[in-house]
Amino acid sequence: MSAAQHAGPTGRSGEPVLSVRGLHVGFARREGVRDVVHDVSFDLHPGECLAVVGESGSGKSVTARTLVGLTGDGALVRAERLHFDGADVRGLSARDWRRTRGRRIGFVLQDALVSLDPLRPVGAEVEEALRLHGWRERRARRAKVLELLTAVGVPSARARARQRPDELSGGLRQRALIASAIALDPEVVVADEPTTALDVTVQAQVLDLLAEQKRRGVAIVLISHDLSVVARLADRVLVMSGGRVVESGPTREVLTAPRHEYTRALIAAVPGEHTRGERLSPAPAAVLPRPRAERPGGTVLEASGLVKRYATAEGSHTAVSGVSFSLRAGRTLGIVGESGSGKSTTARLALALTAPDEGVVNLLGRPWSQVPEAQRRERRKEVSVVQQDPLSSFDPRWTVERVLLDALPPRRSRTAGERRARLRELLAQVGLDEDVLARFPLTLSGGQRQRVSIARALAPEPSVVVLDEAVSALDVSVQAQVLDLLADLQRALGLSYLFISHDLGVVYHVSDDVLVMKDGEVVERGSAEDVFERPQHPYTRELVSALPRLAGQRAEEEAR
Amino acid sequence: MPASSADAPAQVDARFSAAPLEDPGARLRRTARRVVSRLLGALLVLWGAATAAFLAQAVLPGDRATIIFNIRAGQPIERTPEELAAINAQYGFQDPVLTQYLHHLSGLVRGDLGESYQQFRPVTDVIGEQLAPTLVLTLTAIALAWAGMVVWVVLTAGRGRRTAGLGAAVDTATAGLPHYWLGIVLLLVFALQLRWFPVISGNSPAGLLLPALTLAVPLAGFMGQATRTEFERALQQPFVLSARTRGAGDLAIRLRHVLRHAALPAVTLSGWALGATISGAVVVETVYTRAGIGRVLVTAVNNQDLPIVTGVVLLVAALYVVANLLVDLVHGLVDPRTAKGGRPS
Amino acid sequence: MTTLLLEPAPEARAVRTRRPRPWGVWLAGLAALGFGVAAAAPGLLDTTDPLALHLDRALQAPGPGHWFGTDEAGRDLFSRVVHGARPSLAIGVGASLVSLSLAVVLGTLAALGGRVVAPVVDRVVEVLFSFPSLLLALLLVALLGPSAATAAVAVGVGTAPGYARMVRAQVLSARGSAYVEAAVALGHSPGRILRRHVLPNALRPLVAVMALSIGQSIVWASSLSFLGLGVAPPSSEWGALLEAGRPYVAHAWWLTVVPGLVVVVLALATTTLGKHLQAVLERSAS
Amino acid sequence: AGTSAAEQPPPGAGPVTGGTIVYGHQQEPACVFGGWIEQAYLSTQVLDALTSLDEDGRVVPWLARSWEQSPDGLSWTFHLREGVRFTDGTALTAAVVAHNIEHWVEGGNSTAKVWLDGYYDSATAVDDLTLRIHLGKPYPRLAENLAQGYSGIQSQQALQTRTAEENCEAPIGSGAFVVDHWDRGEEIVLRRNEDYTSPPANARHTGPAYVERIRWRFVPDGTTRVASLRAGETDAIYDVPAVDYADLGRDGYTELKHVTAGRPQQLSFNTQRGPFTDERVRKAFAAGLDRRALVETIGRGVIPYEGNGAVSRSTPGYSREAAEAHSFDLDTANRLLDEAGWTGRDEDGTRTRGGERLSVLLPYNSGTIINADGASILQGVQQQAKATGFDVRLVPVPPSGFFAGEYSRPDERDIAVGYWTSVTAGILWVNWRPGTEDWPNGNNAAFYDDPALGELIDRANQTADPAAQEALYRQAQELIADRALSIGLFDRLSTLAVSPSLQGVWQENAQGGPVFYDARFVR
Ligand SMILES: Nc1ncnc2c1ncn2[C@@H]1O[C@H](COP(=O)(O)OP(=O)(O)OP(=O)(O)O)[C@@H](O)[C@H]1O
Ligand SMILES: Nc1ncnc2c1ncn2[C@@H]1O[C@H](COP(=O)(O)OP(=O)(O)OP(=O)(O)O)[C@@H](O)[C@H]1O
Ligand SMILES: [Mg+2]
Ligand SMILES: [Mg+2]
């Protein structure tokens with residue numbers, strides 16, 4: 001094991017609070033033990049933040065869980081050294097582990113949004129940490145809970161403590177979770193993907209919160225697949241791939257001068273202003289360009305004054321109010337906004353899957369939302385959709401083949417042979433092998449599923465595709481491939497995209513024009529450059545400023 | 001058998017950035033609206049049950065006056081019109097069906113359930129005096145079932161193949177125990193051999209345990225099956241791991257977090273059990289010699305003592321309505337998320 | 001390198017995806033096969049007449065010659081149990097079929113019936129729910145006479161409302177699913193979507209439920225026998241056997257224990273298979 | 001289980017007065033007074049009747065000191081006991097009794113009415129204590145019939161002034177006990193009548209009863225009843241399951257067994273329709289059954305086999321000859337069926353004739369009339385009849401359907417099964433009287449309308465000389481047996497098991513109900 005493989009103390013003195021050497025973790029399978037983490041080593045000092053990055057399945061979470069003795073069922077953990085605060089934890093009893101967890105090592109789980117007991121008030125969850133570690137007095141606990149919640153930036157903590165997770169926003173939930181992790185002033189906080197699934201603005205707040213802990217001398221292990229997040233907080237980075245550490249070193253060094261090819265690909269895959277018009281993934285997707293009749297120029301999809309209200313227990317809730325847009329042929333219109341801002345509702349209105357309360361949608365110059373569904377059915381092949389969650393958009397009983405066949409317009413391909421040929425063509429367009437046809441979507445990887453979803457959308461040969469969070473669930477590298485694929489397809493088929501995402505970088509990367517939504521309203525619109533370079537509306541400005549950037553980009557910006 | 005998986009919890013929703021602080025007037029209005037609609041629903045159910053009972057009587061074979069007469073006499077023979085005239089006149093059996101139905105309904109509205117054909121007593125009396133023993137029996141049984149089920153599930157669910165398998169097998173086996181068999185066996189063992197309990201339970205407190213157990217054991221198995229599935233599902237939820245990272249122990253997690261998540265199907269089942277008592281209890285009442293609605297119903301049906309039958313049907317419907325309300329209430333307490341929009345299903 | 005197992009703790013198990021226990025499933029399958037053979041061709045398992053009297057051999061305990069003992073008229077209990085499989089399973093399967101078909105119709109109507117039909121169906125289900133199942137059985141027997149078919153219908157109708165609610169919830173969730181939205185977006189007709197997506201997906205869990213309900217139905221039907229409403233004797237239907245053996249419970253335990261065990265074994269077998277089926281279906285669905 | 005011996009009273013213990021008897025009975029009636037045997041048992045505790053029967057079945061005085069018939073047999077004079085008071089304070093007078101009889105006939109007790117129907121004309125009070133009953137036809141066994149529990153005398157004032165509910169729940173009589181209260185579904189508690197002065201002549205003591213109270217509990221389940229006796233929770237139980245009978249006796253419990261007189265459990269053939277219209281087929285059915293073996297095995301030696309299809313062995317005038325007709329003989333059975341043309345056999349082994357199967361329908365009232373043992377025996381009948389080629393279809397009829405009159409018509413059944421308790425062979429009249437247009441006989445289960453048989457029974461009923469009367473009754477039974485109109489199966493029993501610490505319980509001789517008047521604890 002070379003010294004370079006583990007991040008040694010960089011200019012820091014003193015004993016590391018966490019010291020790991022030669023960590024291997026395997027899981028017992030029927031076939032035997034399969035290692036998923038190989039030979040991981042690192043040291044972590046007080047007040048230091050170590051980031052572990054890598055794509056999905058690279059062993060980040062397993063490594064993290066091992067640090068608190070919760071690796072998992074049938075886990076086989078081997079390590080040359082596993083020291084916490086100078087003491088070997090390898091032989092720790094269950095009881096000792098329980099005393100350590102929460103009190104000395106705080107842990108923020110990956111699935112933050114579902115990691116709080118949904119039936120209990122969040123205050124009780126934070127309180128539990130205190131109760132488990134010797135805070136006998138109820139009143140003192142309560143007071144401490146309020147103090148903690150306030151400290152992590154929960155406004156009107158007293159009221160919030162009494163609310164359940166489903167009554168809180170993602171950011172507040174994440175903060176409550178962090179509050180419970182730091183409740184007992186642990187020496188180490190392990191934060192597994194603490195900002196995934198958060199809006200940019202909230203993400204920035206959470207990162208600030210962790211930075212604050214760091215300042216107070218807490219050692220932090222930050223796990224993320226998002227390099228831009230890492231760039232903001234970490235002192236050192238550990239890049240993992242396939243369960244191995246492929247590169248490690250100080251953050252700036254790794255991000256600006258990556259040595260390993262994998263790290264480089266990872267960095268290149270992050271979309272944003274720099275990547276506009278460029279490929280994100282190294283290998284070009286295999287696209288069969290298909291000659292196609294030129295679409296008439298001009299507007300393909302046009303909405304004006306859309307309003308949609310939903311009845312709720314509290315009364316009526318306006319999800320979309322006064323939204324207008326027009327999508328031009330062969331172009332991409334991006335819609336960006338935080339969660340709940342009405343993006344998906346706008347998409348459903350555009351697809352005429354739901355009727356607007358006010359306003360109209362025209363498709364290819366003809367009325368679309370105003371006509372009865374029976375008349376629309378015939379024209380639905382003109383506009384396709386790639387839904388937010390690909391998996392749930394497939395009938396679980398159907399194979400990929402059936403899914404795609406079902407989407408073929410009946411008239412175009414009559415014979416089985418023709419249909420077969422069309423399927424092959426579609427698969428080639430989205431870069432999938434033919435052998436996925438027989439498989440169930442469940443058994444496909446996220447990227448494959450998204451490709452199937454795109455293939456289905458392409459099957460009727462539409463002119464407009466509505467993409468609702470088409471890449472949100474994907475890893476950066478997979479996301480890069482899919483974004484490249486979309487771009488290729490647009491070029492080859494002359495498609496028009498209505499592209500919806502909460503990720504500013506992604507929207508910036510793909511869009512010609514951008515709509516920024518907040519609370520159901522469009523607060524800003526214009527060309528991508530205008531919106532992102534010269535934001536007018538305060539909200540947009542806030543969004544853009546909160547946009548995390550890679551250390552490398554930062555450096556460039558500073559240089560400019 | 002209510003489906004547990006069907007009552008999907010409200011989808012976790014990050015959209016409400018914070019619960020809006022609502023004005024109390026709106027909440028009051030909403031509550032009032034819900035109460036009124038619940039009441040209307042309850043009335044509809046009662047009306048439906050009363051109508052069903054009436055229709056059932058109308059379709060039953062045989063001349064009602066003859067039956068009443070024959071049962072009073074203990075002889076199954078044909079009667080002459082003269083013999084039946086008095087009874088027909090007394091109960092209005094000669095009237096058109098619609099008249100009888102309206103008469104029946106108007107009686108119900110006045111709270112008059114009529115008089116037993118065989119006991120010559122008001123139905124409200126007959127049922128009233130049997131209601132308490134039945135309720136005591138059922139509620140005790142439900143409580144026992146809960147206790148047993150909770151202990152068993154918490155001890156065995158999700159604890160490795162063998163233990164969990166055993167736990168599930170015991171659930172299934174107990175759920176499949178017929179009441180009358182279990183009842184007799186418990187009686188012979190605990191009352192006759194060991195003399196721990198009286199053989200004839202009557203309505204004594206000491207005599208309550210065995211009959212309640214007889215009802216409780218299969219119910220516990222039944223509830224256990226549903227609870228176990230949910231329990232094992234909940235054990236895999238991230239918040240469990242989250243609690244562990246705070247240093248919580250296994251038992252504490254099972255009791256404080258997981259149990260509550262797994263309890264909902266059992267709550268629903270308890271409500272159902274409260275309503276279904278009548279059918280289950282008759283067996284236990286017979287074996288243990290307890291008074292109760294079950295035996296009243298069986299006797300009444302055998303005697304075609306229709307006012308009592310109708311009375312019991314209405315009572316059960318009312319119990320069902322109450323049980324449902326309670327279940328909703330408890331649902332709301334256990335899972336406050338459902339309280340907002342009302343119980344799905 | 002040192003090897004250590006970090007807390008092979010229960011929490012770890014929680015992470016594991018639950019796999020069915022293959023041996024349990026095998027055993028259940030074997031039992032189900034046995035029951036199936038007994039029902040289809042009882043002659044293969046037992047060649048004697050289940051109703052033959054042997055007055056000289058009344059109330060003999062289980063032993064050689066009479067595996068399960070004899071009853072008060074010297075009839076061989078093993079033979080009766082074997083020949084009772086057909087009516088018992090007929091009740092179990094019949095009741096499940098009655099109940100589930102009713103549930104499918106009511107549940108689907110309640111979910112998709114719109115503003116007029118759905119509330120009416122909802123109320124009907126509620127009234128059915130609140131109607132004492134015992135009374136229902138008593139009425140049905142009064143109308144149709146005691147028989148396996150009556151018992152099946154009585155149990156089936158009695159358990160239908162619970163399943164109807166389940167179906168309703170399933171249909172609603174399938175209808176609101178993203179794949180249905182995808183089908184709409186593809187321009188498929190409502191009928192086609194109902195046939196291809198909503199119903200198949202909503203009804204799929206019922207296969208497992210059906211397996212679960214078979215054993216339960218037999219137990220419930222056997223309670224009807226207790227009230228003299230079950231299958232007419234001398235049928236060897238297990239519920240009837242149980243009831244017939246009840247007066248002898250203190251003297252000839254086998255008359256109740258054996259049929260009781262058989263019912264429990266059947267319930268265990270169908271439940272195990274049902275759960276397995278459910279797991280298989282879920283694995284391919286979630 | 002539960003074979004522990006009964007707790008014997010300690011040595012040197014003697015009878016004491018006072019205490020509460022806990023008695024486990026099987027069925028709960030709707031009212032105390034009524035037409036059911038369950039009601040008769042209860043009525044006997046609280047109501048006195050005019051007459052009683054002694055162990056030999058002879059009528060002895062009760063409320064009536066003595067009685068005589070007019071020479072033409074058309075009027076009976078009953079001399080009532082003096083000084084008897086109902087528990088509401090009113091006195092027993094002839095007018096009161098006359099009112100009672102009118103009350104029964106007018107629907108107050110239809111079973112009592114059945115016994116008087118066709119004979120009774122009117123009842124008048126000659127003076128305070130002399131009652132005269134006028135008959136339309138002579139009825140020499142009137143006094144015996146009035147000994148049944150259906151004929152308990154109630155206070156006229158109570159009948160007239162109290163509600164139906166009150167008279168149902170706690171009728172006012174002059175009996176040894178009064179109804180204290182009734183916890184429906186559980187028990188009726190009877191309290192001693194402290195002023196009791198009117199025990200029947202066959203009672204063993206006079207004055208008030210020894211015990212203070214009787215808790216008459218309703219324990220429907222046989223196993224539970226036995227268990228409760230063994231556990232000491234009851235002092236006496238009714239209807240001991242055959243399978244427990246021997247054990248209880250061995251363990252020291254006193255067992256009482258009364259074969260109720262009247263019609264035994266028997267099979268009546270439908271003589272109007274179906275295969276049994278042919279006498280040979282009826283006889284073949286009878287000969288094809290080994291009824292004795294069946295009853296003795298399933299009845300475990302407790303339930304007596306009864307071959308007589310008309311009356312049971314305890315009925316005065318019983319014919320043994322009739323009982324022994326139709327012994328088990330497969331050859332005869334097969335020969336008779338061949339003769340009757342049922343020569344074919346289908347694949348089940350059922351005989352056929354001209355394509356018609358020899359299939360017969362046997363409905364029975366499950367639960368009340370036919371208990372578990374009875375049902376087993378019927379299944380045995382079905383199985384045995386199979387050997388000669390009968391396909392007997394058993395149909396258990398729930399009580400509601402039964403009383404609704406299902407399977408009561410000739411085209412609905414081939415065999416009827418059932419019993420009817422009675423104190424005399426006069427039951428023959430009830431069961432075999434030919435029906436007429438204006439006076440149908442729903443109780444004629446064989447639908448056998450033979451004026452000759454009817455006339456024979458009627459003549460017997462009206463014959464005052466006991467020996468001559470019994471000879472005529474025997475003749476009727478033999479005629480019934482000879483034509484195989486109905487064949488016997490087993491006698492209906494009233495059984496009691498009593499704890500050794502309770503002595504002096506006896507069964508009244510009309511229907512075998514328990515009498516607790518003379519009972520006392522030994523302590
Ligand atoms: N309890 C377990 N049993 C068996 N295998 C497991 C278990 N937990 C994780 N694994 C496997 O270990 C590997 C690493 O998983 P891990 O969760 O550490 O990935 P990750 O890097 O955190 O990915 P992500 O970014 O998706 O969270 C995966 O192949 C995973 O399937
Ligand atoms: N069917 C519905 N019934 C009631 N309210 C709804 C419904 N669909 C959406 N809403 C509400 O409308 C608002 C906008 O929802 P929408 O799904 O369009 O947001 P979004 O911008 O797509 O958010 P996300 O990024 O979380 O997907 C939210 O407040 C949501 O709760
Ligand atoms: Mg992870
Ligand atoms: Mg959305």
# chains A, B, ... in the order shown; residues from 1 in each chain; ligands from 1
>>> residues_near_ligand(ligand="ligand 2", cutoff="6 Å", atoms="only C-alpha atoms and all ligand atoms", output="list of chain:residue names")
A:Tyr310, A:Ala319, A:Glu338, A:Ser339, A:Gly340, A:Ser341, A:Gly342, A:Lys343, A:Ser344, A:Thr345, B:Arg15
>>> select_by_dssp(residues="range 130-249 of chain A", states="strand (DSSP E)", output="number ranges by chain")
A: 188-192, 219-224, 236-241, 244-249
>>> closest_residue(among="A:Leu70, A:Ala473, A:Leu146, A:Ala421", to="chain C", atoms="only C-alpha atoms")
A:Leu70
>>> interface_residues(of="chain C", to="chain B", cutoff="6 Å", atoms="only C-alpha atoms", output="NGL selection string")
:C and (14-15 or 127 or 130 or 134 or 162 or 166 or 169 or 219 or 264 or 268)
>>> residues_near_ligand(ligand="ligand 3", cutoff="12 Å", atoms="only C-alpha atoms and all ligand atoms", output="count of residues only")
33
>>> residues_around(residues="range 76-88 of chain B", least_positions_apart="4", cutoff="6 Å", atoms="only C-alpha atoms", output="list in words")
Ala65, Asn70, Gly92 and Phe93 of chain B; Phe403, Gly405 and Gly442 of chain D
>>> interface_residues(of="chain A", to="chain C", cutoff="6 Å", atoms="only C-alpha atoms", output="VMD selection string")
chain A and resid 69 72 to 73 76 to 78 80 94 377 380 392 to 396
>>> write_last_selection(atoms="N, CA, C and O atoms", output="compact mmCIF listing (two decimals), in the first residue's frame")
# COMPACT_ATOMS: atom_id res chain seq x y z
N GLY A 69 -20.01 0.81 13.15
CA GLY A 69 -20.36 -0.57 13.50
C GLY A 69 -21.73 -1.00 13.03
O GLY A 69 -22.35 -1.86 13.65
N GLY A 72 -23.95 -3.88 8.36
CA GLY A 72 -25.09 -4.56 7.76
C GLY A 72 -25.08 -6.04 8.06
O GLY A 72 -24.12 -6.57 8.62
N ASP A 73 -26.15 -6.67 7.67
CA ASP A 73 -26.32 -8.09 7.95
C ASP A 73 -25.32 -8.91 7.17
O ASP A 73 -25.10 -8.70 5.98
N LEU A 76 -18.80 -8.86 6.71
CA LEU A 76 -17.52 -9.33 7.22
C LEU A 76 -16.53 -8.18 7.09
O LEU A 76 -16.23 -7.74 5.99
N VAL A 77 -16.09 -7.69 8.21
CA VAL A 77 -15.23 -6.52 8.21
C VAL A 77 -13.83 -6.93 8.63
O VAL A 77 -13.65 -7.55 9.67
N ARG A 78 -12.87 -6.60 7.80
CA ARG A 78 -11.49 -6.86 8.18
C ARG A 78 -10.72 -5.54 8.08
O ARG A 78 -10.97 -4.77 7.15
N GLU A 80 -6.76 -3.70 9.17
CA GLU A 80 -5.50 -3.76 9.91
C GLU A 80 -5.60 -2.86 11.12
O GLU A 80 -5.08 -3.14 12.17
N ALA A 94 -21.43 -4.84 21.62
CA ALA A 94 -22.63 -4.16 21.14
C ALA A 94 -22.97 -2.99 22.05
O ALA A 94 -23.37 -1.91 21.61
N ARG A 377 -56.42 11.98 -28.52
CA ARG A 377 -55.75 10.69 -28.51
C ARG A 377 -54.97 10.45 -29.80
O ARG A 377 -53.85 10.00 -29.80
N ARG A 380 -51.72 12.43 -29.85
CA ARG A 380 -50.79 12.31 -28.73
C ARG A 380 -49.40 11.85 -29.16
O ARG A 380 -48.43 12.07 -28.46
N SER A 392 -41.24 3.79 -11.92
CA SER A 392 -42.68 3.68 -11.66
C SER A 392 -43.50 4.01 -12.90
O SER A 392 -44.70 3.82 -12.91
N SER A 393 -42.84 4.46 -13.93
CA SER A 393 -43.60 4.76 -15.14
C SER A 393 -43.72 3.53 -16.06
O SER A 393 -44.31 3.60 -17.12
N PHE A 394 -43.15 2.40 -15.61
CA PHE A 394 -43.32 1.16 -16.37
C PHE A 394 -44.26 0.24 -15.61
O PHE A 394 -44.13 0.09 -14.39
N ASP A 395 -45.14 -0.38 -16.34
CA ASP A 395 -45.98 -1.40 -15.71
C ASP A 395 -45.05 -2.51 -15.21
O ASP A 395 -44.30 -3.09 -15.99
N PRO A 396 -45.08 -2.78 -13.92
CA PRO A 396 -44.10 -3.72 -13.36
C PRO A 396 -44.21 -5.13 -13.94
O PRO A 396 -43.29 -5.92 -13.81
>>> residues_around(residues="Ala157 in chain A", least_positions_apart="6", cutoff="9 Å", atoms="only C-alpha atoms", output="PDB file with N, CA and C atoms, in the first residue's frame")
ATOM      1  N   GLY A 123     -38.865  16.828  17.120  1.00  0.00           N
ATOM      2  CA  GLY A 123     -38.273  17.128  18.418  1.00  0.00           C
ATOM      3  C   GLY A 123     -37.966  15.859  19.186  1.00  0.00           C
ATOM      4  N   VAL A 145     -33.109  20.488  23.099  1.00  0.00           N
ATOM      5  CA  VAL A 145     -33.604  20.248  21.745  1.00  0.00           C
ATOM      6  C   VAL A 145     -33.855  21.573  21.038  1.00  0.00           C
ATOM      7  N   LEU A 146     -34.516  22.490  21.762  1.00  0.00           N
ATOM      8  CA  LEU A 146     -34.803  23.789  21.156  1.00  0.00           C
ATOM      9  C   LEU A 146     -33.512  24.512  20.812  1.00  0.00           C
ATOM     10  N   GLU A 147     -32.583  24.401  21.726  1.00  0.00           N
ATOM     11  CA  GLU A 147     -31.305  25.051  21.505  1.00  0.00           C
ATOM     12  C   GLU A 147     -30.632  24.497  20.246  1.00  0.00           C
ATOM     13  N   LEU A 148     -30.661  23.160  20.135  1.00  0.00           N
ATOM     14  CA  LEU A 148     -30.028  22.523  18.983  1.00  0.00           C
ATOM     15  C   LEU A 148     -30.710  22.928  17.686  1.00  0.00           C
ATOM     16  N   LEU A 149     -32.032  22.867  17.709  1.00  0.00           N
ATOM     17  CA  LEU A 149     -32.759  23.187  16.478  1.00  0.00           C
ATOM     18  C   LEU A 149     -32.475  24.621  16.060  1.00  0.00           C
ATOM     19  N   THR A 150     -32.460  25.480  17.044  1.00  0.00           N
ATOM     20  CA  THR A 150     -32.143  26.868  16.728  1.00  0.00           C
ATOM     21  C   THR A 150     -30.734  26.960  16.156  1.00  0.00           C
TER      22      THR A 150
END
>>> interface_residues(of="chain A", to="chain B", cutoff="9 Å", atoms="only C-alpha atoms", output="PyMOL selection string")
chain A and resi 65+68+70+94-95+97-103+105-120+125+128-130+132-133+160+163-172+177+180-181+312-314+339-341
>>> interface_residues(of="chain C", to="chain D", cutoff="12 Å", atoms="only C-alpha atoms", output="VMD selection string")
chain C and resid 49 to 59 71 to 75 137 to 147 224 to 236 240 to 241 243 to 253
>>> residues_around(residues="Asn461 in chain D", least_positions_apart="4", cutoff="7 Å", atoms="only C-alpha atoms", output="MDAnalysis selection string")
chainID D and resid 139:140 426 457 469
>>> closest_residue(among="A:Ser477, A:Ser304, A:Thr275, A:Thr201", to="ligand 1", atoms="only C-alpha atoms and all ligand atoms")
A:Ser477
>>> select_by_dssp(residues="range 457-559 of chain A", states="helix (DSSP H, G or I)", output="PyMOL selection string")
chain A and resi 457-458+476-493+504-510+528-533+538-546+551-559
